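Just query_21.cif here, mmCIF, N, CA and C atoms:
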```cif
data_target
#
loop_
_atom_site.group_PDB
_atom_site.id
_atom_site.type_symbol
_atom_site.label_atom_id
_atom_site.label_comp_id
_atom_site.auth_asym_id
_atom_site.auth_seq_id
_atom_site.Cartn_x
_atom_site.Cartn_y
_atom_site.Cartn_z
ATOM 1 N N LEU A 1 0.830 -1.199 0.000
ATOM 2 C CA LEU A 1 0.000 0.000 0.000
ATOM 3 C C LEU A 1 0.873 1.262 0.000
ATOM 4 N N ALA A 2 1.939 1.254 0.790
ATOM 5 C CA ALA A 2 2.827 2.415 0.849
ATOM 6 C C ALA A 2 3.480 2.673 -0.501
ATOM 7 N N GLY A 3 3.870 1.591 -1.198
ATOM 8 C CA GLY A 3 4.464 1.742 -2.525
ATOM 9 C C GLY A 3 3.476 2.329 -3.517
ATOM 10 N N LEU A 4 2.235 1.880 -3.468
ATOM 11 C CA LEU A 4 1.192 2.399 -4.355
ATOM 12 C C LEU A 4 0.935 3.877 -4.080
ATOM 13 N N LEU A 5 0.857 4.256 -2.820
ATOM 14 C CA LEU A 5 0.647 5.663 -2.467
ATOM 15 C C LEU A 5 1.832 6.514 -2.902
ATOM 16 N N GLY A 6 3.041 5.992 -2.753
ATOM 17 C CA GLY A 6 4.234 6.728 -3.183
ATOM 18 C C GLY A 6 4.246 6.934 -4.681
ATOM 19 N N PHE A 7 3.875 5.902 -5.446
ATOM 20 C CA PHE A 7 3.800 6.021 -6.896
ATOM 21 C C PHE A 7 2.755 7.056 -7.301
ATOM 22 N N TRP A 8 1.575 6.997 -6.669
ATOM 23 C CA TRP A 8 0.500 7.938 -6.979
ATOM 24 C C TRP A 8 0.927 9.370 -6.669
ATOM 25 N N ALA A 9 1.560 9.591 -5.535
ATOM 26 C CA ALA A 9 2.006 10.938 -5.153
ATOM 27 C C ALA A 9 3.048 11.464 -6.128
ATOM 28 N N THR A 10 3.959 10.609 -6.578
ATOM 29 C CA THR A 10 4.973 11.022 -7.549
ATOM 30 C C THR A 10 4.330 11.383 -8.872
ATOM 31 N N ALA A 11 3.356 10.605 -9.320
ATOM 32 C CA ALA A 11 2.678 10.870 -10.588
ATOM 33 C C ALA A 11 1.915 12.179 -10.527
ATOM 34 N N VAL A 12 1.236 12.434 -9.421
ATOM 35 C CA VAL A 12 0.481 13.683 -9.296
ATOM 36 C C VAL A 12 1.425 14.873 -9.251
ATOM 37 N N ALA A 13 2.513 14.774 -8.514
ATOM 38 C CA ALA A 13 3.458 15.882 -8.386
ATOM 39 C C ALA A 13 4.194 16.153 -9.689
ATOM 40 N N ALA A 14 4.255 15.158 -10.577
ATOM 41 C CA ALA A 14 5.027 15.305 -11.801
ATOM 42 C C ALA A 14 4.312 16.128 -12.865
ATOM 43 N N HIS A 15 3.000 16.293 -12.749
ATOM 44 C CA HIS A 15 2.257 17.037 -13.767
ATOM 45 C C HIS A 15 2.593 18.530 -13.708
ATOM 46 N N SER A 16 2.349 19.222 -14.814
ATOM 47 C CA SER A 16 2.669 20.645 -14.940
ATOM 48 C C SER A 16 1.387 21.450 -15.074
ATOM 49 N N PRO A 17 0.693 21.726 -13.972
ATOM 50 C CA PRO A 17 -0.596 22.408 -14.087
ATOM 51 C C PRO A 17 -0.454 23.853 -14.565
ATOM 52 N N LEU A 18 -1.508 24.327 -15.189
ATOM 53 C CA LEU A 18 -1.585 25.723 -15.600
ATOM 54 C C LEU A 18 -1.807 26.550 -14.339
ATOM 55 N N GLU A 19 -0.890 27.477 -14.062
ATOM 56 C CA GLU A 19 -0.987 28.292 -12.850
ATOM 57 C C GLU A 19 -1.789 29.565 -13.068
ATOM 58 N N SER A 20 -1.602 30.209 -14.240
ATOM 59 C CA SER A 20 -2.325 31.452 -14.480
ATOM 60 C C SER A 20 -2.426 31.731 -15.972
ATOM 61 N N THR A 21 -3.388 32.568 -16.311
ATOM 62 C CA THR A 21 -3.568 33.021 -17.688
ATOM 63 C C THR A 21 -3.815 34.525 -17.676
ATOM 64 N N THR A 22 -3.504 35.153 -18.794
ATOM 65 C CA THR A 22 -3.852 36.559 -19.002
ATOM 66 C C THR A 22 -4.463 36.647 -20.385
ATOM 67 N N PRO A 23 -5.719 37.059 -20.467
ATOM 68 C CA PRO A 23 -6.645 37.412 -19.397
ATOM 69 C C PRO A 23 -6.920 36.214 -18.478
ATOM 70 N N GLU A 24 -7.325 36.532 -17.249
ATOM 71 C CA GLU A 24 -7.638 35.486 -16.290
ATOM 72 C C GLU A 24 -8.873 34.719 -16.734
ATOM 73 N N ASN A 25 -8.974 33.471 -16.277
ATOM 74 C CA ASN A 25 -10.136 32.656 -16.580
ATOM 75 C C ASN A 25 -11.410 33.356 -16.110
ATOM 76 N N GLU A 26 -12.397 33.426 -16.993
ATOM 77 C CA GLU A 26 -13.716 34.016 -16.753
ATOM 78 C C GLU A 26 -13.676 35.530 -16.547
ATOM 79 N N ALA A 27 -12.594 36.191 -16.942
ATOM 80 C CA ALA A 27 -12.486 37.642 -16.801
ATOM 81 C C ALA A 27 -13.299 38.349 -17.887
ATOM 82 N N THR A 28 -13.665 39.586 -17.616
ATOM 83 C CA THR A 28 -14.253 40.475 -18.610
ATOM 84 C C THR A 28 -13.265 41.611 -18.809
ATOM 85 N N VAL A 29 -12.845 41.826 -20.066
ATOM 86 C CA VAL A 29 -11.852 42.854 -20.370
ATOM 87 C C VAL A 29 -12.453 43.872 -21.328
ATOM 88 N N ALA A 30 -11.921 45.090 -21.288
ATOM 89 C CA ALA A 30 -12.445 46.169 -22.116
ATOM 90 C C ALA A 30 -11.925 46.109 -23.551
ATOM 91 N N GLU A 31 -10.693 45.601 -23.734
ATOM 92 C CA GLU A 31 -10.077 45.570 -25.061
ATOM 93 C C GLU A 31 -9.606 44.165 -25.396
ATOM 94 N N ILE A 32 -9.541 43.877 -26.672
ATOM 95 C CA ILE A 32 -9.057 42.585 -27.131
ATOM 96 C C ILE A 32 -7.547 42.538 -26.910
ATOM 97 N N PRO A 33 -7.061 41.536 -26.182
ATOM 98 C CA PRO A 33 -5.606 41.445 -25.988
ATOM 99 C C PRO A 33 -4.911 41.037 -27.287
ATOM 100 N N THR A 34 -3.683 41.501 -27.483
ATOM 101 C CA THR A 34 -2.930 41.108 -28.675
ATOM 102 C C THR A 34 -2.309 39.723 -28.499
ATOM 103 N N ASP A 35 -2.077 39.342 -27.244
ATOM 104 C CA ASP A 35 -1.528 38.021 -26.914
ATOM 105 C C ASP A 35 -2.298 37.455 -25.737
ATOM 106 N N ILE A 36 -2.330 36.134 -25.649
ATOM 107 C CA ILE A 36 -2.765 35.487 -24.425
ATOM 108 C C ILE A 36 -1.518 34.925 -23.764
ATOM 109 N N LEU A 37 -1.495 34.947 -22.447
ATOM 110 C CA LEU A 37 -0.350 34.457 -21.690
ATOM 111 C C LEU A 37 -0.770 33.246 -20.885
ATOM 112 N N LEU A 38 0.017 32.195 -20.962
ATOM 113 C CA LEU A 38 -0.209 30.988 -20.178
ATOM 114 C C LEU A 38 1.043 30.723 -19.362
ATOM 115 N N ASN A 39 0.887 30.540 -18.058
ATOM 116 C CA ASN A 39 2.005 30.267 -17.167
ATOM 117 C C ASN A 39 1.771 28.918 -16.488
ATOM 118 N N PHE A 40 2.703 27.984 -16.689
ATOM 119 C CA PHE A 40 2.605 26.647 -16.114
ATOM 120 C C PHE A 40 3.545 26.503 -14.938
ATOM 121 N N LYS A 41 3.185 25.631 -13.998
ATOM 122 C CA LYS A 41 4.018 25.400 -12.823
ATOM 123 C C LYS A 41 5.377 24.835 -13.232
ATOM 124 N N ASP A 42 5.370 23.875 -14.152
ATOM 125 C CA ASP A 42 6.587 23.244 -14.644
ATOM 126 C C ASP A 42 6.601 23.333 -16.165
ATOM 127 N N ALA A 43 7.719 23.017 -16.757
ATOM 128 C CA ALA A 43 7.870 23.115 -18.206
ATOM 129 C C ALA A 43 6.904 22.176 -18.934
ATOM 130 N N ILE A 44 6.383 22.669 -20.038
ATOM 131 C CA ILE A 44 5.460 21.933 -20.890
ATOM 132 C C ILE A 44 5.764 22.315 -22.332
ATOM 133 N N ARG A 45 5.487 21.408 -23.246
ATOM 134 C CA ARG A 45 5.581 21.722 -24.676
ATOM 135 C C ARG A 45 4.163 21.730 -25.216
ATOM 136 N N LEU A 46 3.649 22.916 -25.496
ATOM 137 C CA LEU A 46 2.306 23.013 -26.066
ATOM 138 C C LEU A 46 2.319 22.460 -27.487
ATOM 139 N N THR A 47 1.321 21.650 -27.803
ATOM 140 C CA THR A 47 1.221 21.081 -29.139
ATOM 141 C C THR A 47 0.069 21.688 -29.934
ATOM 142 N N ARG A 48 -0.897 22.281 -29.235
ATOM 143 C CA ARG A 48 -2.021 22.915 -29.936
ATOM 144 C C ARG A 48 -2.747 23.857 -28.991
ATOM 145 N N VAL A 49 -3.080 25.030 -29.517
ATOM 146 C CA VAL A 49 -3.925 25.982 -28.802
ATOM 147 C C VAL A 49 -4.981 26.446 -29.804
ATOM 148 N N THR A 50 -6.240 26.300 -29.425
ATOM 149 C CA THR A 50 -7.351 26.643 -30.308
ATOM 150 C C THR A 50 -8.217 27.702 -29.648
ATOM 151 N N MET A 51 -8.627 28.696 -30.434
ATOM 152 C CA MET A 51 -9.498 29.762 -29.953
ATOM 153 C C MET A 51 -10.856 29.644 -30.631
ATOM 154 N N THR A 52 -11.905 29.747 -29.836
ATOM 155 C CA THR A 52 -13.263 29.802 -30.359
ATOM 156 C C THR A 52 -13.880 31.109 -29.881
ATOM 157 N N HIS A 53 -14.570 31.804 -30.775
ATOM 158 C CA HIS A 53 -15.222 33.064 -30.449
ATOM 159 C C HIS A 53 -16.678 32.980 -30.862
ATOM 160 N N ALA A 54 -17.564 33.167 -29.902
ATOM 161 C CA ALA A 54 -19.004 33.166 -30.147
ATOM 162 C C ALA A 54 -19.390 31.999 -31.057
ATOM 163 N N ASP A 55 -19.934 32.284 -32.229
ATOM 164 C CA ASP A 55 -20.386 31.227 -33.132
ATOM 165 C C ASP A 55 -19.364 30.877 -34.202
ATOM 166 N N HIS A 56 -18.169 31.467 -34.152
ATOM 167 C CA HIS A 56 -17.131 31.156 -35.141
ATOM 168 C C HIS A 56 -16.539 29.775 -34.881
ATOM 169 N N GLN A 57 -16.122 29.136 -35.933
ATOM 170 C CA GLN A 57 -15.452 27.851 -35.827
ATOM 171 C C GLN A 57 -14.088 28.053 -35.168
ATOM 172 N N GLY A 58 -13.589 27.056 -34.461
ATOM 173 C CA GLY A 58 -12.307 27.154 -33.788
ATOM 174 C C GLY A 58 -11.162 27.440 -34.746
ATOM 175 N N ALA A 59 -10.193 28.241 -34.274
ATOM 176 C CA ALA A 59 -9.011 28.575 -35.070
ATOM 177 C C ALA A 59 -7.769 28.222 -34.262
ATOM 178 N N ASP A 60 -6.816 27.524 -34.899
ATOM 179 C CA ASP A 60 -5.556 27.212 -34.232
ATOM 180 C C ASP A 60 -4.715 28.479 -34.118
ATOM 181 N N LEU A 61 -4.136 28.704 -32.933
ATOM 182 C CA LEU A 61 -3.263 29.852 -32.725
ATOM 183 C C LEU A 61 -1.823 29.458 -33.048
ATOM 184 N N ASP A 62 -1.032 30.450 -33.383
ATOM 185 C CA ASP A 62 0.341 30.249 -33.852
ATOM 186 C C ASP A 62 1.299 29.961 -32.697
ATOM 187 N N LEU A 63 1.839 28.755 -32.674
ATOM 188 C CA LEU A 63 2.823 28.362 -31.655
ATOM 189 C C LEU A 63 4.239 28.355 -32.191
ATOM 190 N N SER A 64 4.455 28.835 -33.414
ATOM 191 C CA SER A 64 5.773 28.732 -34.054
ATOM 192 C C SER A 64 6.872 29.484 -33.301
ATOM 193 N N GLY A 65 6.540 30.446 -32.481
ATOM 194 C CA GLY A 65 7.544 31.203 -31.737
ATOM 195 C C GLY A 65 8.025 30.503 -30.479
ATOM 196 N N HIS A 66 7.515 29.302 -30.212
ATOM 197 C CA HIS A 66 7.859 28.586 -28.984
ATOM 198 C C HIS A 66 8.410 27.212 -29.320
ATOM 199 N N GLN A 67 9.582 26.924 -28.810
ATOM 200 C CA GLN A 67 10.235 25.643 -29.053
ATOM 201 C C GLN A 67 10.554 24.973 -27.725
ATOM 202 N N GLY A 68 10.432 23.680 -27.677
ATOM 203 C CA GLY A 68 10.848 22.915 -26.512
ATOM 204 C C GLY A 68 9.914 23.051 -25.331
ATOM 205 N N PHE A 69 10.422 22.690 -24.172
ATOM 206 C CA PHE A 69 9.654 22.687 -22.926
ATOM 207 C C PHE A 69 9.944 23.979 -22.167
ATOM 208 N N ILE A 70 8.899 24.780 -21.943
ATOM 209 C CA ILE A 70 9.029 26.048 -21.222
ATOM 210 C C ILE A 70 7.837 26.217 -20.283
ATOM 211 N N THR A 71 7.903 27.207 -19.411
ATOM 212 C CA THR A 71 6.811 27.440 -18.463
ATOM 213 C C THR A 71 5.910 28.601 -18.864
ATOM 214 N N ASP A 72 6.419 29.559 -19.629
ATOM 215 C CA ASP A 72 5.646 30.764 -19.958
ATOM 216 C C ASP A 72 5.461 30.903 -21.461
ATOM 217 N N TYR A 73 4.220 31.069 -21.867
ATOM 218 C CA TYR A 73 3.874 31.232 -23.279
ATOM 219 C C TYR A 73 3.151 32.554 -23.485
ATOM 220 N N ALA A 74 3.534 33.291 -24.520
ATOM 221 C CA ALA A 74 2.813 34.470 -25.006
ATOM 222 C C ALA A 74 2.425 34.136 -26.444
ATOM 223 N N ILE A 75 1.140 33.956 -26.675
ATOM 224 C CA ILE A 75 0.650 33.471 -27.964
ATOM 225 C C ILE A 75 -0.193 34.552 -28.620
ATOM 226 N N PRO A 76 0.137 34.934 -29.860
ATOM 227 C CA PRO A 76 -0.658 35.958 -30.557
ATOM 228 C C PRO A 76 -2.119 35.527 -30.683
ATOM 229 N N LEU A 77 -3.003 36.472 -30.447
ATOM 230 C CA LEU A 77 -4.443 36.215 -30.495
ATOM 231 C C LEU A 77 -5.044 36.841 -31.743
ATOM 232 N N GLU A 78 -5.868 36.099 -32.447
ATOM 233 C CA GLU A 78 -6.611 36.631 -33.587
ATOM 234 C C GLU A 78 -7.838 37.365 -33.051
ATOM 235 N N ALA A 79 -7.889 38.665 -33.237
ATOM 236 C CA ALA A 79 -9.009 39.458 -32.746
ATOM 237 C C ALA A 79 -10.247 39.202 -33.597
ATOM 238 N N MET A 80 -11.344 38.865 -32.951
ATOM 239 C CA MET A 80 -12.607 38.622 -33.640
ATOM 240 C C MET A 80 -13.723 39.485 -33.089
ATOM 241 N N GLY A 81 -13.354 40.569 -32.431
ATOM 242 C CA GLY A 81 -14.368 41.486 -31.916
ATOM 243 C C GLY A 81 -14.798 41.154 -30.501
ATOM 244 N N SER A 82 -15.814 41.858 -30.058
ATOM 245 C CA SER A 82 -16.299 41.655 -28.700
ATOM 246 C C SER A 82 -17.042 40.325 -28.599
ATOM 247 N N GLY A 83 -17.221 39.889 -27.370
ATOM 248 C CA GLY A 83 -17.917 38.633 -27.126
ATOM 249 C C GLY A 83 -17.071 37.663 -26.336
ATOM 250 N N ALA A 84 -17.559 36.435 -26.238
ATOM 251 C CA ALA A 84 -16.911 35.397 -25.445
ATOM 252 C C ALA A 84 -15.848 34.665 -26.259
ATOM 253 N N TYR A 85 -14.686 34.481 -25.657
ATOM 254 C CA TYR A 85 -13.582 33.731 -26.239
ATOM 255 C C TYR A 85 -13.324 32.502 -25.367
ATOM 256 N N SER A 86 -13.062 31.382 -25.996
ATOM 257 C CA SER A 86 -12.684 30.167 -25.292
ATOM 258 C C SER A 86 -11.354 29.702 -25.867
ATOM 259 N N ILE A 87 -10.411 29.443 -24.988
ATOM 260 C CA ILE A 87 -9.080 28.983 -25.390
ATOM 261 C C ILE A 87 -8.894 27.560 -24.869
ATOM 262 N N ALA A 88 -8.647 26.628 -25.776
ATOM 263 C CA ALA A 88 -8.378 25.234 -25.410
ATOM 264 C C ALA A 88 -6.922 24.945 -25.749
ATOM 265 N N TRP A 89 -6.208 24.313 -24.832
ATOM 266 C CA TRP A 89 -4.801 24.012 -25.053
ATOM 267 C C TRP A 89 -4.534 22.545 -24.732
ATOM 268 N N ARG A 90 -3.499 22.033 -25.374
ATOM 269 C CA ARG A 90 -3.020 20.698 -25.030
ATOM 270 C C ARG A 90 -1.520 20.660 -25.263
ATOM 271 N N GLY A 91 -0.884 19.775 -24.516
ATOM 272 C CA GLY A 91 0.562 19.691 -24.628
ATOM 273 C C GLY A 91 1.093 18.472 -23.920
ATOM 274 N N LEU A 92 2.398 18.461 -23.798
ATOM 275 C CA LEU A 92 3.106 17.348 -23.193
ATOM 276 C C LEU A 92 3.968 17.887 -22.059
ATOM 277 N N GLY A 93 3.751 17.365 -20.867
ATOM 278 C CA GLY A 93 4.573 17.751 -19.728
ATOM 279 C C GLY A 93 5.970 17.174 -19.864
ATOM 280 N N ILE A 94 6.914 17.779 -19.202
ATOM 281 C CA ILE A 94 8.298 17.312 -19.282
ATOM 282 C C ILE A 94 8.430 15.888 -18.748
ATOM 283 N N ASP A 95 7.449 15.460 -17.941
ATOM 284 C CA ASP A 95 7.442 14.098 -17.402
ATOM 285 C C ASP A 95 6.810 13.096 -18.363
ATOM 286 N N GLY A 96 6.362 13.560 -19.533
ATOM 287 C CA GLY A 96 5.782 12.672 -20.538
ATOM 288 C C GLY A 96 4.276 12.556 -20.499
ATOM 289 N N HIS A 97 3.618 13.180 -19.536
ATOM 290 C CA HIS A 97 2.169 13.113 -19.447
ATOM 291 C C HIS A 97 1.500 14.101 -20.402
ATOM 292 N N ALA A 98 0.429 13.645 -21.041
ATOM 293 C CA ALA A 98 -0.383 14.533 -21.876
ATOM 294 C C ALA A 98 -1.227 15.407 -20.953
ATOM 295 N N LEU A 99 -1.314 16.688 -21.288
ATOM 296 C CA LEU A 99 -2.070 17.647 -20.489
ATOM 297 C C LEU A 99 -2.984 18.440 -21.406
ATOM 298 N N ASP A 100 -4.107 18.896 -20.874
ATOM 299 C CA ASP A 100 -4.978 19.786 -21.635
ATOM 300 C C ASP A 100 -5.838 20.598 -20.682
ATOM 301 N N GLY A 101 -6.456 21.620 -21.231
ATOM 302 C CA GLY A 101 -7.323 22.459 -20.424
ATOM 303 C C GLY A 101 -7.953 23.542 -21.269
ATOM 304 N N THR A 102 -8.813 24.312 -20.647
ATOM 305 C CA THR A 102 -9.476 25.440 -21.314
ATOM 306 C C THR A 102 -9.596 26.592 -20.339
ATOM 307 N N PHE A 103 -9.733 27.786 -20.912
ATOM 308 C CA PHE A 103 -10.120 28.946 -20.114
ATOM 309 C C PHE A 103 -10.913 29.876 -21.019
ATOM 310 N N THR A 104 -11.686 30.737 -20.405
ATOM 311 C CA THR A 104 -12.559 31.624 -21.158
ATOM 312 C C THR A 104 -12.410 33.058 -20.657
ATOM 313 N N PHE A 105 -12.760 34.001 -21.526
ATOM 314 C CA PHE A 105 -12.854 35.399 -21.131
ATOM 315 C C PHE A 105 -13.810 36.102 -22.095
ATOM 316 N N VAL A 106 -14.263 37.261 -21.679
ATOM 317 C CA VAL A 106 -15.215 38.038 -22.478
ATOM 318 C C VAL A 106 -14.618 39.400 -22.761
ATOM 319 N N VAL A 107 -14.746 39.846 -24.016
ATOM 320 C CA VAL A 107 -14.326 41.187 -24.418
ATOM 321 C C VAL A 107 -15.588 42.014 -24.583
ATOM 322 N N GLN A 108 -15.668 43.142 -23.866
ATOM 323 C CA GLN A 108 -16.852 44.013 -23.946
ATOM 324 C C GLN A 108 -16.935 44.723 -25.256
#
```

Could I get this file's structure written as structure tokens?
Amino acid sequence: LAGLLGFWATAVAAHSPLESTTPENEATVAEIPTDILLNFKDAIRLTRVTMTHADHQGADLDLSGHQGFITDYAIPLEAMGSGAYSIAWRGLGIDGHALDGTFTFVVQ
């Protein structure tokens, strides 16, 4: 049992959770940001970031400026006007685990 708990604790600690975003999750902002910022606890290699705005189909955001495993990402945002934006991301943690998540914000 102790070995199983130790393995589980190591696996949980090894993941690289998303610590913060700019704009913050569920925030309302006055202007469309030129970039979105994602800050991870540990290094991650993002493999895809998709933006959805209101009724528009999802658009992949440009990750070409980021190489390897890093903790901080500044990703150019395609401005689509006011309304709700949803950002979905996925990547690979430095420990080999697949990670994903979403956050949303509204532009007035």

Note to self: Show me, as number ranges by chain, the residues that have an atom within 6.5 Å of range 40-55 of chain A when counting only N, CA and C atoms, minus same-chain residues fewer than 5 positions from it.
What the structure shows: A: 15-20, 60-61, 68-73, 83-94

Can you write just those residues out, N, CA and C atoms, as a short mmCIF file (atom, residue, chain, number, x, y, z; two decimals), keeping the file's coordinate frame?
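Result written to selection35.cif:
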```
data_model
loop_
_atom_site.label_atom_id
_atom_site.label_comp_id
_atom_site.auth_asym_id
_atom_site.auth_seq_id
_atom_site.Cartn_x
_atom_site.Cartn_y
_atom_site.Cartn_z
N HIS A 15 3.00 16.29 -12.75
CA HIS A 15 2.26 17.04 -13.77
C HIS A 15 2.59 18.53 -13.71
N SER A 16 2.35 19.22 -14.81
CA SER A 16 2.67 20.64 -14.94
C SER A 16 1.39 21.45 -15.07
N PRO A 17 0.69 21.73 -13.97
CA PRO A 17 -0.60 22.41 -14.09
C PRO A 17 -0.45 23.85 -14.56
N LEU A 18 -1.51 24.33 -15.19
CA LEU A 18 -1.58 25.72 -15.60
C LEU A 18 -1.81 26.55 -14.34
N GLU A 19 -0.89 27.48 -14.06
CA GLU A 19 -0.99 28.29 -12.85
C GLU A 19 -1.79 29.56 -13.07
N SER A 20 -1.60 30.21 -14.24
CA SER A 20 -2.33 31.45 -14.48
C SER A 20 -2.43 31.73 -15.97
N ASP A 60 -6.82 27.52 -34.90
CA ASP A 60 -5.56 27.21 -34.23
C ASP A 60 -4.72 28.48 -34.12
N LEU A 61 -4.14 28.70 -32.93
CA LEU A 61 -3.26 29.85 -32.72
C LEU A 61 -1.82 29.46 -33.05
N GLY A 68 10.43 23.68 -27.68
CA GLY A 68 10.85 22.92 -26.51
C GLY A 68 9.91 23.05 -25.33
N PHE A 69 10.42 22.69 -24.17
CA PHE A 69 9.65 22.69 -22.93
C PHE A 69 9.94 23.98 -22.17
N ILE A 70 8.90 24.78 -21.94
CA ILE A 70 9.03 26.05 -21.22
C ILE A 70 7.84 26.22 -20.28
N THR A 71 7.90 27.21 -19.41
CA THR A 71 6.81 27.44 -18.46
C THR A 71 5.91 28.60 -18.86
N ASP A 72 6.42 29.56 -19.63
CA ASP A 72 5.65 30.76 -19.96
C ASP A 72 5.46 30.90 -21.46
N TYR A 73 4.22 31.07 -21.87
CA TYR A 73 3.87 31.23 -23.28
C TYR A 73 3.15 32.55 -23.48
N GLY A 83 -17.22 39.89 -27.37
CA GLY A 83 -17.92 38.63 -27.13
C GLY A 83 -17.07 37.66 -26.34
N ALA A 84 -17.56 36.44 -26.24
CA ALA A 84 -16.91 35.40 -25.44
C ALA A 84 -15.85 34.66 -26.26
N TYR A 85 -14.69 34.48 -25.66
CA TYR A 85 -13.58 33.73 -26.24
C TYR A 85 -13.32 32.50 -25.37
N SER A 86 -13.06 31.38 -26.00
CA SER A 86 -12.68 30.17 -25.29
C SER A 86 -11.35 29.70 -25.87
N ILE A 87 -10.41 29.44 -24.99
CA ILE A 87 -9.08 28.98 -25.39
C ILE A 87 -8.89 27.56 -24.87
N ALA A 88 -8.65 26.63 -25.78
CA ALA A 88 -8.38 25.23 -25.41
C ALA A 88 -6.92 24.94 -25.75
N TRP A 89 -6.21 24.31 -24.83
CA TRP A 89 -4.80 24.01 -25.05
C TRP A 89 -4.53 22.54 -24.73
N ARG A 90 -3.50 22.03 -25.37
CA ARG A 90 -3.02 20.70 -25.03
C ARG A 90 -1.52 20.66 -25.26
N GLY A 91 -0.88 19.77 -24.52
CA GLY A 91 0.56 19.69 -24.63
C GLY A 91 1.09 18.47 -23.92
N LEU A 92 2.40 18.46 -23.80
CA LEU A 92 3.11 17.35 -23.19
C LEU A 92 3.97 17.89 -22.06
N GLY A 93 3.75 17.36 -20.87
CA GLY A 93 4.57 17.75 -19.73
C GLY A 93 5.97 17.17 -19.86
N ILE A 94 6.91 17.78 -19.20
CA ILE A 94 8.30 17.31 -19.28
C ILE A 94 8.43 15.89 -18.75
#
```

Write down as a ChimeraX atom specification the residues of chain A whose backbone DSSP state falls under strand (DSSP E or B).
-> /A:18-22,27-29,35-53,59-60,70-76,83-93,98-107

TODO: Enter the distance from atom N of Gly58 in chain A to CA of Ala74 in chain A, in Å, rounded to one decimal.
DONE: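 Distance between the two atoms: 20.3 Å.
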
Residue with the minimum atom-to-atom distance to Ser82 in chain A, picked from A:Val29, A:Gly96, A:Thr21, A:Val107 with only N, CA and C atoms counted, is A:Val107

*Determine which residues of chain A receive a DSSP assignment of alpha helix (DSSP H), computed from the backbone, and state them as a list in words.*
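Reading the DSSP output for chain A, alpha helix (DSSP H) covers Ala2, Gly3, Leu4, Leu5, Gly6, Phe7, Trp8, Ala9, Thr10, Ala11, Val12, Ala13 and Ala14 of chain A.
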
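Taking only C-alpha atoms into account, Leu77 in chain A lies nearest to A:Ile32 out of the set A:Leu38, A:Gln108, A:Leu99, A:Ile32.
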
Exercise: Glu26 in chain A partners within 8 Å, only C-alpha atoms, chain neighbours under 4 positions left out, as number ranges by chain: A: 103-106

Around all the atoms of range 14-29 of chain A listed in the file, with 6 Å of room on each side, what axis-aligned box do you get, giving centre and edge lengths in Å to one decimal, as JSON?
```
{"center_x": -4.6, "center_y": 29.5, "center_z": -16.0, "size_x": 31.3, "size_y": 40.7, "size_z": 22.8}
```

Problem - Two-atom distance - atom N of Pro76 in chain A, CA of Asp62 in chain A (Å) - result: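 About the pair atom N of Pro76 in chain A and CA of Asp62 in chain A: they are 6.2 Å apart.
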
Range 56-65 of chain A from the block above, N, CA, C and O atoms, as a PDB file, in the first residue's frame, please?
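Output file out.pdb follows:
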```pdb
ATOM      1  N   HIS A  56     -18.169  31.467 -34.152  1.00  0.00           N
ATOM      2  CA  HIS A  56     -17.131  31.156 -35.141  1.00  0.00           C
ATOM      3  C   HIS A  56     -16.539  29.775 -34.881  1.00  0.00           C
ATOM      4  O   HIS A  56     -16.436  29.334 -33.749  1.00  0.00           O
ATOM      5  N   GLN A  57     -16.122  29.136 -35.933  1.00  0.00           N
ATOM      6  CA  GLN A  57     -15.452  27.851 -35.827  1.00  0.00           C
ATOM      7  C   GLN A  57     -14.088  28.053 -35.168  1.00  0.00           C
ATOM      8  O   GLN A  57     -13.476  29.111 -35.304  1.00  0.00           O
ATOM      9  N   GLY A  58     -13.589  27.056 -34.461  1.00  0.00           N
ATOM     10  CA  GLY A  58     -12.307  27.154 -33.788  1.00  0.00           C
ATOM     11  C   GLY A  58     -11.162  27.440 -34.746  1.00  0.00           C
ATOM     12  O   GLY A  58     -11.143  26.971 -35.878  1.00  0.00           O
ATOM     13  N   ALA A  59     -10.193  28.241 -34.274  1.00  0.00           N
ATOM     14  CA  ALA A  59      -9.011  28.575 -35.070  1.00  0.00           C
ATOM     15  C   ALA A  59      -7.769  28.222 -34.262  1.00  0.00           C
ATOM     16  O   ALA A  59      -7.669  28.567 -33.081  1.00  0.00           O
ATOM     17  N   ASP A  60      -6.816  27.524 -34.899  1.00  0.00           N
ATOM     18  CA  ASP A  60      -5.556  27.212 -34.232  1.00  0.00           C
ATOM     19  C   ASP A  60      -4.715  28.479 -34.118  1.00  0.00           C
ATOM     20  O   ASP A  60      -4.599  29.236 -35.078  1.00  0.00           O
ATOM     21  N   LEU A  61      -4.136  28.704 -32.933  1.00  0.00           N
ATOM     22  CA  LEU A  61      -3.263  29.852 -32.725  1.00  0.00           C
ATOM     23  C   LEU A  61      -1.823  29.458 -33.048  1.00  0.00           C
ATOM     24  O   LEU A  61      -1.453  28.286 -32.983  1.00  0.00           O
ATOM     25  N   ASP A  62      -1.032  30.450 -33.383  1.00  0.00           N
ATOM     26  CA  ASP A  62       0.341  30.249 -33.852  1.00  0.00           C
ATOM     27  C   ASP A  62       1.299  29.961 -32.697  1.00  0.00           C
ATOM     28  O   ASP A  62       1.556  30.831 -31.864  1.00  0.00           O
ATOM     29  N   LEU A  63       1.839  28.755 -32.674  1.00  0.00           N
ATOM     30  CA  LEU A  63       2.823  28.362 -31.655  1.00  0.00           C
ATOM     31  C   LEU A  63       4.239  28.355 -32.191  1.00  0.00           C
ATOM     32  O   LEU A  63       5.167  27.909 -31.509  1.00  0.00           O
ATOM     33  N   SER A  64       4.455  28.835 -33.414  1.00  0.00           N
ATOM     34  CA  SER A  64       5.773  28.732 -34.054  1.00  0.00           C
ATOM     35  C   SER A  64       6.872  29.484 -33.301  1.00  0.00           C
ATOM     36  O   SER A  64       8.048  29.165 -33.449  1.00  0.00           O
ATOM     37  N   GLY A  65       6.540  30.446 -32.481  1.00  0.00           N
ATOM     38  CA  GLY A  65       7.544  31.203 -31.737  1.00  0.00           C
ATOM     39  C   GLY A  65       8.025  30.503 -30.479  1.00  0.00           C
ATOM     40  O   GLY A  65       8.838  31.051 -29.738  1.00  0.00           O
TER      41      GLY A  65
END
```
